[in-house]
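What follows is protein16.txt (compact mmCIF, C-alpha atoms).
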# COMPACT_ATOMS: atom_id res chain seq x y z
CA MET N 1 0.00 0.00 0.00
CA ILE N 2 1.17 3.51 -0.83
CA GLU N 3 0.82 5.99 2.05
CA LYS N 4 1.76 9.63 1.76
CA GLU N 5 0.92 13.08 3.07
CA GLU N 6 0.35 16.08 0.84
CA VAL N 7 -0.05 19.72 1.78
CA VAL N 8 -2.91 21.37 -0.10
CA ARG N 9 -3.11 25.14 -0.33
CA THR N 10 -6.58 26.37 0.57
CA ASP N 11 -7.99 29.88 0.87
CA ASP N 12 -7.57 29.52 4.64
CA GLY N 13 -4.05 28.14 4.69
CA PRO N 14 -2.31 24.80 4.25
CA MET N 15 -4.27 21.59 4.80
CA THR N 16 -2.67 18.20 5.29
CA VAL N 17 -4.23 15.40 3.25
CA THR N 18 -3.36 11.76 3.85
CA VAL N 19 -3.45 9.60 0.72
CA ARG N 20 -3.55 5.82 0.65
CA HIS N 21 -3.97 3.50 -2.33
CA PRO N 22 -2.81 0.06 -3.55
CA ASP N 23 0.79 -0.48 -4.60
CA ASP N 24 0.23 -0.93 -8.32
CA SER N 25 -0.19 1.86 -10.81
CA GLY N 26 -3.98 2.15 -10.97
CA PRO N 27 -5.80 4.34 -11.66
CA PHE N 28 -8.06 3.70 -8.68
CA PRO N 29 -11.51 5.13 -7.91
CA VAL N 30 -11.27 8.04 -5.49
CA VAL N 31 -13.02 7.93 -2.10
CA ILE N 32 -13.05 11.05 0.07
CA VAL N 33 -13.10 10.28 3.80
CA TYR N 34 -14.56 12.94 6.10
CA HIS N 35 -13.62 12.49 9.74
CA ASP N 36 -15.99 12.90 12.66
CA GLY N 37 -15.85 15.38 15.55
CA PRO N 38 -12.84 13.85 17.34
CA GLY N 39 -10.79 14.41 14.19
CA LEU N 40 -7.78 12.56 12.83
CA ARG N 41 -6.79 9.56 14.94
CA ALA N 42 -6.05 5.84 14.52
CA ASP N 43 -9.67 4.85 13.91
CA ILE N 44 -10.03 7.31 11.03
CA HIS N 45 -6.71 6.37 9.47
CA ASP N 46 -7.81 2.73 9.67
CA VAL N 47 -10.85 3.64 7.57
CA SER N 48 -8.70 4.97 4.74
CA ARG N 49 -6.35 1.97 5.04
CA LYS N 50 -9.29 -0.39 4.68
CA LEU N 51 -10.52 1.48 1.62
CA ALA N 52 -7.05 1.39 0.06
CA GLY N 53 -6.85 -2.32 0.82
CA ALA N 54 -10.15 -2.77 -1.00
CA GLY N 55 -8.76 -1.13 -4.15
CA TYR N 56 -9.50 2.57 -3.73
CA TYR N 57 -7.60 5.85 -3.72
CA ALA N 58 -8.56 7.14 -0.27
CA VAL N 59 -8.04 10.82 0.50
CA LEU N 60 -8.39 11.98 4.09
CA PRO N 61 -8.37 15.76 4.63
CA ASP N 62 -7.57 17.41 7.96
CA LEU N 63 -10.73 19.49 8.26
CA TYR N 64 -9.50 21.24 11.42
CA HIS N 65 -6.46 22.72 9.67
CA ARG N 66 -7.61 26.26 10.46
CA LEU N 67 -7.07 25.51 14.17
CA GLY N 68 -3.67 23.87 13.82
CA ARG N 69 -1.97 20.98 12.07
CA GLN N 70 -3.65 17.64 12.77
CA ILE N 71 -4.95 18.65 16.17
CA SER N 72 -6.14 15.80 18.39
CA PHE N 73 -8.50 15.28 21.30
CA ASP N 74 -8.29 13.11 24.39
CA LEU N 75 -11.11 10.58 24.02
CA ALA N 76 -11.33 9.97 27.75
CA GLY N 77 -11.65 13.70 28.33
CA ILE N 78 -14.38 13.97 25.71
CA GLY N 79 -16.20 11.15 27.46
CA GLN N 80 -16.63 13.33 30.56
CA GLY N 81 -19.33 15.20 28.65
CA PRO N 82 -20.52 18.81 28.44
CA GLY N 83 -18.77 21.22 30.77
CA SER N 84 -15.49 19.30 30.78
CA PRO N 85 -12.56 21.18 29.18
CA GLU N 86 -11.86 18.61 26.47
CA PHE N 87 -15.50 18.21 25.49
CA ASP N 88 -15.91 21.98 25.25
CA ARG N 89 -12.72 22.19 23.17
CA LEU N 90 -14.12 19.53 20.83
CA MET N 91 -17.42 21.37 20.39
CA ALA N 92 -15.58 24.61 19.67
CA ALA N 93 -13.71 22.81 16.89
CA VAL N 94 -16.87 21.24 15.47
CA THR N 95 -18.75 24.53 15.39
CA SER N 96 -15.79 26.31 13.79
CA LEU N 97 -16.50 24.46 10.53
CA SER N 98 -19.10 25.40 7.96
CA ASP N 99 -20.30 23.37 5.01
CA ASP N 100 -18.92 26.00 2.64
CA MET N 101 -15.48 25.72 4.24
CA VAL N 102 -15.45 21.94 3.79
CA LEU N 103 -16.65 22.12 0.20
CA ALA N 104 -13.96 24.69 -0.61
CA ASP N 105 -11.32 22.50 1.07
CA THR N 106 -12.55 19.52 -0.92
CA ALA N 107 -12.34 21.38 -4.22
CA ALA N 108 -8.76 22.45 -3.45
CA MET N 109 -7.86 18.89 -2.47
CA LEU N 110 -9.31 17.39 -5.64
CA GLU N 111 -7.31 19.80 -7.79
CA VAL N 112 -4.19 18.23 -6.32
CA THR N 113 -5.60 14.70 -6.46
CA ALA N 114 -6.33 15.10 -10.17
CA LYS N 115 -2.60 15.51 -10.86
CA ASP N 116 -1.86 12.00 -9.56
CA PRO N 117 -2.12 9.38 -12.34
CA ALA N 118 -3.04 6.81 -9.69
CA ALA N 119 -6.35 8.61 -9.09
CA ASP N 120 -9.33 7.92 -11.35
CA MET N 121 -11.22 11.20 -11.18
CA ASN N 122 -14.05 9.78 -13.28
CA ALA N 123 -15.05 7.44 -10.45
CA LYS N 124 -15.57 9.19 -7.12
CA ALA N 125 -17.40 8.54 -3.86
CA ALA N 126 -17.44 9.94 -0.34
CA MET N 127 -17.66 8.39 3.12
CA GLY N 128 -18.26 10.31 6.32
CA PHE N 129 -19.03 9.88 9.99
CA CYS N 130 -21.03 12.11 12.36
CA MET N 131 -20.42 15.65 11.06
CA GLY N 132 -18.52 14.00 8.20
CA ALA N 133 -21.76 12.29 7.17
CA ARG N 134 -23.37 15.73 6.94
CA PHE N 135 -20.46 16.91 4.77
CA THR N 136 -20.87 13.82 2.59
CA LEU N 137 -24.52 14.66 1.90
CA ARG N 138 -23.64 18.31 1.24
CA LEU N 139 -20.90 17.34 -1.23
CA LEU N 140 -23.08 14.91 -3.16
CA ALA N 141 -25.93 17.43 -3.35
CA ALA N 142 -23.58 20.21 -4.49
CA ASP N 143 -22.11 18.11 -7.32
CA PRO N 144 -24.71 15.51 -8.34
CA ALA N 145 -22.91 14.52 -11.52
CA GLY N 146 -19.52 14.18 -9.88
CA TYR N 147 -20.09 11.23 -7.54
CA ALA N 148 -21.36 7.71 -7.97
CA ALA N 149 -21.87 6.78 -4.32
CA GLY N 150 -21.79 7.92 -0.73
CA SER N 151 -21.78 6.31 2.70
CA ALA N 152 -23.03 8.31 5.69
CA LEU N 153 -22.58 6.68 9.09
CA HIS N 154 -24.21 7.85 12.34
CA PRO N 155 -24.92 11.28 10.78
CA SER N 156 -25.34 14.33 12.97
CA ASN N 157 -26.75 17.83 12.46
CA CYS N 158 -28.44 16.78 9.23
CA VAL N 159 -31.88 17.99 10.34
CA THR N 160 -32.07 21.58 11.54
CA ASP N 161 -34.56 24.43 11.52
CA ASP N 162 -32.53 26.27 8.87
CA PRO N 163 -34.10 26.70 5.44
CA ASP N 164 -31.00 25.06 3.97
CA SER N 165 -30.91 22.14 6.42
CA PRO N 166 -28.95 19.26 4.80
CA HIS N 167 -31.97 16.97 4.69
CA ARG N 168 -33.75 19.45 2.42
CA SER N 169 -31.13 19.00 -0.32
CA VAL N 170 -31.12 15.19 -0.35
CA GLY N 171 -33.42 15.24 -3.39
CA LYS N 172 -30.60 16.77 -5.43
CA ILE N 173 -28.34 13.76 -4.89
CA SER N 174 -28.01 11.38 -7.83
CA ALA N 175 -25.32 9.22 -6.20
CA GLU N 176 -26.44 5.97 -4.61
CA LEU N 177 -26.33 6.11 -0.81
CA PHE N 178 -25.89 3.89 2.19
CA VAL N 179 -26.92 5.50 5.49
CA GLY N 180 -26.32 3.70 8.78
CA LEU N 181 -28.13 4.85 11.92
CA GLY N 182 -28.03 3.70 15.53
CA ALA N 183 -31.39 3.00 17.17
CA ALA N 184 -29.87 4.08 20.50
CA ASP N 185 -28.07 7.17 19.18
CA LYS N 186 -28.23 9.72 21.98
CA LEU N 187 -26.42 12.53 20.13
CA SER N 188 -28.56 12.36 16.99
CA PRO N 189 -31.68 10.32 17.87
CA LEU N 190 -33.79 8.49 15.32
CA GLU N 191 -36.74 10.75 16.03
CA LEU N 192 -34.64 13.81 15.25
CA ASN N 193 -33.46 12.22 12.00
CA LYS N 194 -36.94 11.22 10.83
CA PRO N 195 -37.14 14.08 8.28
CA LEU N 196 -33.82 12.89 6.84
CA ARG N 197 -35.07 9.31 6.64
CA ASP N 198 -38.25 10.49 4.97
CA GLU N 199 -36.29 12.39 2.32
CA LEU N 200 -34.03 9.40 1.69
CA ARG N 201 -37.12 7.33 0.87
CA ARG N 202 -38.50 9.78 -1.69
CA PRO N 203 -37.90 8.98 -5.38
CA PRO N 204 -35.70 9.53 -7.25
CA VAL N 205 -33.25 9.26 -4.31
CA LYS N 206 -31.46 5.90 -4.33
CA ALA N 207 -30.67 5.11 -0.71
CA THR N 208 -30.40 2.11 1.55
CA VAL N 209 -31.05 3.07 5.17
CA GLU N 210 -30.19 0.59 7.91
CA ILE N 211 -31.04 1.06 11.58
CA PHE N 212 -29.00 -0.95 14.05
CA ASP N 213 -30.67 -2.02 17.27
CA GLY N 214 -28.82 -0.94 20.39
CA ALA N 215 -26.20 1.04 18.48
CA ASP N 216 -25.19 4.45 19.82
CA HIS N 217 -23.48 7.37 18.10
CA GLY N 218 -19.96 6.38 17.02
CA PHE N 219 -20.72 2.69 16.56
CA MET N 220 -18.20 2.41 13.69
CA PHE N 221 -15.04 3.02 15.75
CA PRO N 222 -13.35 0.38 17.94
CA GLN N 223 -11.62 3.01 20.08
CA LEU N 224 -14.91 4.65 21.09
CA PRO N 225 -17.11 3.30 23.92
CA ALA N 226 -20.08 3.26 21.52
CA TYR N 227 -18.42 0.75 19.17
CA GLN N 228 -20.76 -2.06 18.13
CA GLN N 229 -19.13 -4.83 16.15
CA HIS N 230 -22.30 -5.93 14.37
CA ALA N 231 -23.29 -2.44 13.23
CA ALA N 232 -19.75 -1.63 12.12
CA SER N 233 -19.29 -4.91 10.24
CA VAL N 234 -22.61 -4.68 8.40
CA SER N 235 -21.98 -1.01 7.55
CA TRP N 236 -18.60 -1.88 6.07
CA ASP N 237 -20.13 -4.73 4.05
CA ARG N 238 -22.89 -2.47 2.70
CA THR N 239 -20.45 0.34 1.91
CA LEU N 240 -17.90 -1.79 0.09
CA GLU N 241 -20.60 -3.60 -1.87
CA LEU N 242 -21.97 -0.21 -2.93
CA PHE N 243 -18.56 1.13 -3.90
CA HIS N 244 -17.59 -2.02 -5.79
CA ARG N 245 -20.85 -1.95 -7.73
CA THR N 246 -20.91 1.76 -8.58
CA LEU N 247 -17.21 2.57 -8.87
CA GLY N 248 -15.75 -0.71 -10.01
CA LYS N 249 -12.72 -2.39 -8.49
CA ARG N 250 -9.36 -3.24 -9.97
So, in terms of structure tokens, how does the structure I just supplied come out?
Amino acid sequence: MIEKEEVVRTDDGPMTVTVRHPDDSGPFPVVIVYHDGPGLRADIHDVSRKLAGAGYYAVLPDLYHRLGRQISFDLAGIGQGPGSPEFDRLMAAVTSLSDDMVLADTAAMLEVTAKDPAADMNAKAAMGFCMGARFTLRLLAADPAGYAAGSALHPSNCVTDDPDSPHRSVGKISAELFVGLGAADKLSPLELNKPLRDELRRPPVKATVEIFDGADHGFMFPQLPAYQQHAASVSWDRTLELFHRTLGKR
């Protein structure tokens, strides 16, 4: 596997992007990986490694680059909940990002990616977790013709009172979707996400929505207390089947 870091120039400064893809020459379908609130850490890097191992050109941007290079959070400190210093620091980082910032970062990143002959820019998908799932839906809605597939796992902040709430733009997405939700998600409960689920069921949207009994927010990540092996395993199976079918696999 090829692993490398690139520095992408954005309007708001340099952004580190981690690239992973198979050893041979490719080209390989491109999968953008959007991290969740806790940011870049082993669990997220393992996601891009798994995608590269499955035959894809995985690009992982450091979305918090405006706050520092590859900043990290103490997971135990976050677990202490609201009012604790680390949790409050995490929420400050999360709320510092806007959809427009992430879409601009993504455009800058893809300009660099397009220069790599190992990247097949005609076959693209996105995969995101928590806030990264929201960014995945935003990206696919903003560029319907540019992406074949998307995977959104334990999405958060996708249903708001804003006129431009992400769930309201789902109808613009032409990519095929897999959306995995936890029935016991306390951060983004099923009831809150009902408008999103309703939109995902409306034609012509092509989406598979799976709800995992007993799964809480963050069920995909082994290093989080919410990890649920069944939900994570099924979500990976559904995602890779979707990517293999819509993007192809070398």
Check your understanding: So which residues touch Leu63 in chain N within 9 Å, counting all atoms listed in the file, skipping near sequence neighbours fewer than 5 positions away, as a PyMOL selection string?
Key -> chain N and resi 15-16+34-35+39-40+70+97+101-102+105
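Relative to CA of Leu177 in chain N, CA of Leu153 in chain N is found at 10.6 Å.
Each of N:Gln80, N:Asn122, N:Thr113, N:Thr136 was compared to Thr246 in chain N using only C-alpha atoms, and N:Asn122 turns out to be the nearest.
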Study note, to complete from the structure: Counting all atoms listed in the file, the residue among N:Arg245, N:Arg41, N:His167, N:Arg238 that lies closest to Pro222 in chain N is N:Arg41
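With all atoms listed in the file as the basis for measurement, N:Ser174 is the residue among N:Asp23, N:Leu224, N:Ser174, N:Leu60 that approaches Pro203 in chain N most closely.
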Check your understanding: Looking at all atoms listed in the file, which of N:Ile32, N:Val7, N:Trp236, N:Leu247 is the one that sits closest to Lys50 in chain N?
Key ->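 Of N:Ile32, N:Val7, N:Trp236, N:Leu247, the one nearest Lys50 in chain N, counting all atoms listed in the file, is N:Trp236.
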Review point. Got a sec: who's within 10 Å of Phe87 in chain N, counting only C-alpha atoms, leaving out chain neighbours fewer than 2 positions off, as a PyMOL selection string?
Key: chain N and resi 38+73-85+89-93
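The point (-31.7, 13.0, -4.4) has these residues within 9 Å of it when only C-alpha atoms are used: Leu140, Ala141, Pro144, Ser169, Val170, Gly171, Lys172, Ile173, Ser174, Ala175, Glu176, Glu199, Leu200, Arg202, Pro203, Pro204, Val205, Lys206 and Ala207 of chain N.
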Practice item. Find the residues around Phe221 in chain N up to 12 Å (all atoms listed in the file counted), leave out those fewer than 2 positions away in its own chain, and share them as an NGL selection string. Key: :N and (35-36 or 38 or 41-47 or 75 or 129-130 or 153-154 or 215-219 or 223-233 or 235-236)
Edge lengths and centre, in Å to one decimal, as lines of an AutoDock Vina configuration file: that's what I need for the box along x, y and z that holds all listed atoms of range 235-242 of chain N plus 3 Å on each side.
center_x = -20.4
center_y = -2.2
center_z = 2.3
size_x = 11.0
size_y = 11.1
size_z = 16.5
Point to revise | Distance in Å - CA of His244 in chain N versus CA of Glu6 in chain N | key: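 About the pair CA of His244 in chain N and CA of Glu6 in chain N: they are 26.3 Å apart.
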**Study point:** Pick from N:Val8, N:Val159, N:Ala149, N:Val31 nearest to Glu191 in chain N, counting only C-alpha atoms
**Key:**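 Going through N:Val8, N:Val159, N:Ala149, N:Val31 one by one, the smallest distance to Glu191 in chain N is for N:Val159.
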**Study point:** Within 6 Å of file point (-9.9, 15.5, -9.9), counting all atoms listed in the file, expressed as a PyMOL selection string
**Key:** chain N and resi 110-111+113-114+121
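One finds CA of Pro27 in chain N at 11.6 Å from CA of Lys115 in chain N.
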**Study point:** Given all atoms listed in the file as the counted atoms, nearest of N:Ala148, N:Asp164, N:Gly37, N:Ala125 to Ser96 in chain N
**Key:**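 Smallest separation from Ser96 in chain N among the options: N:Gly37.
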For range 148-183 of chain N, where the input has fewer atoms than it should, I would like N, CA and C atoms rebuilt and written as a PDB file, in the frame of the given file.
ATOM      1  N   ALA N 148     -20.537   8.887  -7.720  1.00  0.00           N
ATOM      2  CA  ALA N 148     -21.360   7.710  -7.970  1.00  0.00           C
ATOM      3  C   ALA N 148     -22.000   7.168  -6.705  1.00  0.00           C
ATOM      4  N   ALA N 149     -21.374   7.411  -5.543  1.00  0.00           N
ATOM      5  CA  ALA N 149     -21.870   6.780  -4.320  1.00  0.00           C
ATOM      6  C   ALA N 149     -21.432   7.564  -3.099  1.00  0.00           C
ATOM      7  N   GLY N 150     -22.149   7.322  -2.010  1.00  0.00           N
ATOM      8  CA  GLY N 150     -21.790   7.920  -0.730  1.00  0.00           C
ATOM      9  C   GLY N 150     -22.224   7.029   0.415  1.00  0.00           C
ATOM     10  N   SER N 151     -21.449   7.055   1.492  1.00  0.00           N
ATOM     11  CA  SER N 151     -21.780   6.310   2.700  1.00  0.00           C
ATOM     12  C   SER N 151     -21.754   7.272   3.871  1.00  0.00           C
ATOM     13  N   ALA N 152     -22.888   7.376   4.577  1.00  0.00           N
ATOM     14  CA  ALA N 152     -23.030   8.310   5.690  1.00  0.00           C
ATOM     15  C   ALA N 152     -23.365   7.522   6.950  1.00  0.00           C
ATOM     16  N   LEU N 153     -22.441   7.504   7.900  1.00  0.00           N
ATOM     17  CA  LEU N 153     -22.580   6.680   9.090  1.00  0.00           C
ATOM     18  C   LEU N 153     -22.781   7.520  10.336  1.00  0.00           C
ATOM     19  N   HIS N 154     -23.723   7.101  11.170  1.00  0.00           N
ATOM     20  CA  HIS N 154     -24.210   7.850  12.340  1.00  0.00           C
ATOM     21  C   HIS N 154     -24.132   9.366  12.102  1.00  0.00           C
ATOM     22  N   PRO N 155     -24.945   9.852  11.136  1.00  0.00           N
ATOM     23  CA  PRO N 155     -24.920  11.280  10.780  1.00  0.00           C
ATOM     24  C   PRO N 155     -25.433  12.160  11.906  1.00  0.00           C
ATOM     25  N   SER N 156     -24.885  13.356  11.986  1.00  0.00           N
ATOM     26  CA  SER N 156     -25.340  14.330  12.970  1.00  0.00           C
ATOM     27  C   SER N 156     -25.588  15.672  12.302  1.00  0.00           C
ATOM     28  N   ASN N 157     -26.470  16.457  12.906  1.00  0.00           N
ATOM     29  CA  ASN N 157     -26.750  17.830  12.460  1.00  0.00           C
ATOM     30  C   ASN N 157     -27.211  17.867  11.006  1.00  0.00           C
ATOM     31  N   CYS N 158     -27.926  16.829  10.596  1.00  0.00           N
ATOM     32  CA  CYS N 158     -28.440  16.780   9.230  1.00  0.00           C
ATOM     33  C   CYS N 158     -29.873  17.282   9.143  1.00  0.00           C
ATOM     34  N   VAL N 159     -30.519  17.446  10.294  1.00  0.00           N
ATOM     35  CA  VAL N 159     -31.880  17.990  10.340  1.00  0.00           C
ATOM     36  C   VAL N 159     -31.864  19.182  11.293  1.00  0.00           C
ATOM     37  N   THR N 160     -32.047  20.364  10.742  1.00  0.00           N
ATOM     38  CA  THR N 160     -32.070  21.580  11.540  1.00  0.00           C
ATOM     39  C   THR N 160     -33.278  22.423  11.141  1.00  0.00           C
ATOM     40  N   ASP N 161     -33.460  23.525  11.844  1.00  0.00           N
ATOM     41  CA  ASP N 161     -34.560  24.430  11.520  1.00  0.00           C
ATOM     42  C   ASP N 161     -34.205  25.400  10.391  1.00  0.00           C
ATOM     43  N   ASP N 162     -32.961  25.349   9.927  1.00  0.00           N
ATOM     44  CA  ASP N 162     -32.530  26.270   8.870  1.00  0.00           C
ATOM     45  C   ASP N 162     -33.209  25.939   7.540  1.00  0.00           C
ATOM     46  N   PRO N 163     -33.503  26.952   6.755  1.00  0.00           N
ATOM     47  CA  PRO N 163     -34.100  26.700   5.440  1.00  0.00           C
ATOM     48  C   PRO N 163     -33.217  25.817   4.550  1.00  0.00           C
ATOM     49  N   ASP N 164     -31.911  25.877   4.782  1.00  0.00           N
ATOM     50  CA  ASP N 164     -31.000  25.060   3.970  1.00  0.00           C
ATOM     51  C   ASP N 164     -30.489  23.851   4.739  1.00  0.00           C
ATOM     52  N   SER N 165     -31.271  23.342   5.681  1.00  0.00           N
ATOM     53  CA  SER N 165     -30.910  22.140   6.420  1.00  0.00           C
ATOM     54  C   SER N 165     -30.497  21.035   5.434  1.00  0.00           C
ATOM     55  N   PRO N 166     -29.440  20.275   5.744  1.00  0.00           N
ATOM     56  CA  PRO N 166     -28.950  19.260   4.800  1.00  0.00           C
ATOM     57  C   PRO N 166     -30.028  18.302   4.293  1.00  0.00           C
ATOM     58  N   HIS N 167     -30.976  17.944   5.142  1.00  0.00           N
ATOM     59  CA  HIS N 167     -31.970  16.970   4.690  1.00  0.00           C
ATOM     60  C   HIS N 167     -32.821  17.519   3.556  1.00  0.00           C
ATOM     61  N   ARG N 168     -32.911  18.848   3.458  1.00  0.00           N
ATOM     62  CA  ARG N 168     -33.750  19.450   2.420  1.00  0.00           C
ATOM     63  C   ARG N 168     -33.106  19.359   1.024  1.00  0.00           C
ATOM     64  N   SER N 169     -31.807  19.072   0.976  1.00  0.00           N
ATOM     65  CA  SER N 169     -31.130  19.000  -0.320  1.00  0.00           C
ATOM     66  C   SER N 169     -30.870  17.559  -0.771  1.00  0.00           C
ATOM     67  N   VAL N 170     -31.354  16.587   0.001  1.00  0.00           N
ATOM     68  CA  VAL N 170     -31.120  15.190  -0.350  1.00  0.00           C
ATOM     69  C   VAL N 170     -31.692  14.868  -1.730  1.00  0.00           C
ATOM     70  N   GLY N 171     -32.807  15.505  -2.100  1.00  0.00           N
ATOM     71  CA  GLY N 171     -33.420  15.240  -3.390  1.00  0.00           C
ATOM     72  C   GLY N 171     -32.551  15.606  -4.584  1.00  0.00           C
ATOM     73  N   LYS N 172     -31.512  16.400  -4.356  1.00  0.00           N
ATOM     74  CA  LYS N 172     -30.600  16.770  -5.430  1.00  0.00           C
ATOM     75  C   LYS N 172     -29.540  15.704  -5.699  1.00  0.00           C
ATOM     76  N   ILE N 173     -29.410  14.759  -4.794  1.00  0.00           N
ATOM     77  CA  ILE N 173     -28.340  13.760  -4.890  1.00  0.00           C
ATOM     78  C   ILE N 173     -28.696  12.694  -5.914  1.00  0.00           C
ATOM     79  N   SER N 174     -27.814  12.457  -6.870  1.00  0.00           N
ATOM     80  CA  SER N 174     -28.010  11.380  -7.830  1.00  0.00           C
ATOM     81  C   SER N 174     -27.154  10.162  -7.493  1.00  0.00           C
ATOM     82  N   ALA N 175     -26.138  10.340  -6.642  1.00  0.00           N
ATOM     83  CA  ALA N 175     -25.320   9.220  -6.200  1.00  0.00           C
ATOM     84  C   ALA N 175     -26.152   8.238  -5.399  1.00  0.00           C
ATOM     85  N   GLU N 176     -25.779   6.964  -5.434  1.00  0.00           N
ATOM     86  CA  GLU N 176     -26.440   5.970  -4.610  1.00  0.00           C
ATOM     87  C   GLU N 176     -25.867   6.038  -3.197  1.00  0.00           C
ATOM     88  N   LEU N 177     -26.730   5.888  -2.198  1.00  0.00           N
ATOM     89  CA  LEU N 177     -26.330   6.110  -0.810  1.00  0.00           C
ATOM     90  C   LEU N 177     -26.519   4.876   0.064  1.00  0.00           C
ATOM     91  N   PHE N 178     -25.625   4.748   1.035  1.00  0.00           N
ATOM     92  CA  PHE N 178     -25.890   3.890   2.190  1.00  0.00           C
ATOM     93  C   PHE N 178     -25.825   4.788   3.423  1.00  0.00           C
ATOM     94  N   VAL N 179     -26.856   4.699   4.269  1.00  0.00           N
ATOM     95  CA  VAL N 179     -26.920   5.500   5.490  1.00  0.00           C
ATOM     96  C   VAL N 179     -27.151   4.550   6.661  1.00  0.00           C
ATOM     97  N   GLY N 180     -26.225   4.562   7.614  1.00  0.00           N
ATOM     98  CA  GLY N 180     -26.320   3.700   8.780  1.00  0.00           C
ATOM     99  C   GLY N 180     -26.621   4.513  10.026  1.00  0.00           C
ATOM    100  N   LEU N 181     -27.674   4.124  10.743  1.00  0.00           N
ATOM    101  CA  LEU N 181     -28.130   4.850  11.920  1.00  0.00           C
ATOM    102  C   LEU N 181     -28.201   3.915  13.130  1.00  0.00           C
ATOM    103  N   GLY N 182     -27.914   4.465  14.301  1.00  0.00           N
ATOM    104  CA  GLY N 182     -28.030   3.700  15.530  1.00  0.00           C
ATOM    105  C   GLY N 182     -29.385   3.939  16.183  1.00  0.00           C
ATOM    106  N   ALA N 183     -30.082   2.863  16.530  1.00  0.00           N
ATOM    107  CA  ALA N 183     -31.390   3.000  17.170  1.00  0.00           C
ATOM    108  C   ALA N 183     -31.273   3.625  18.554  1.00  0.00           C
TER     109      ALA N 183
END
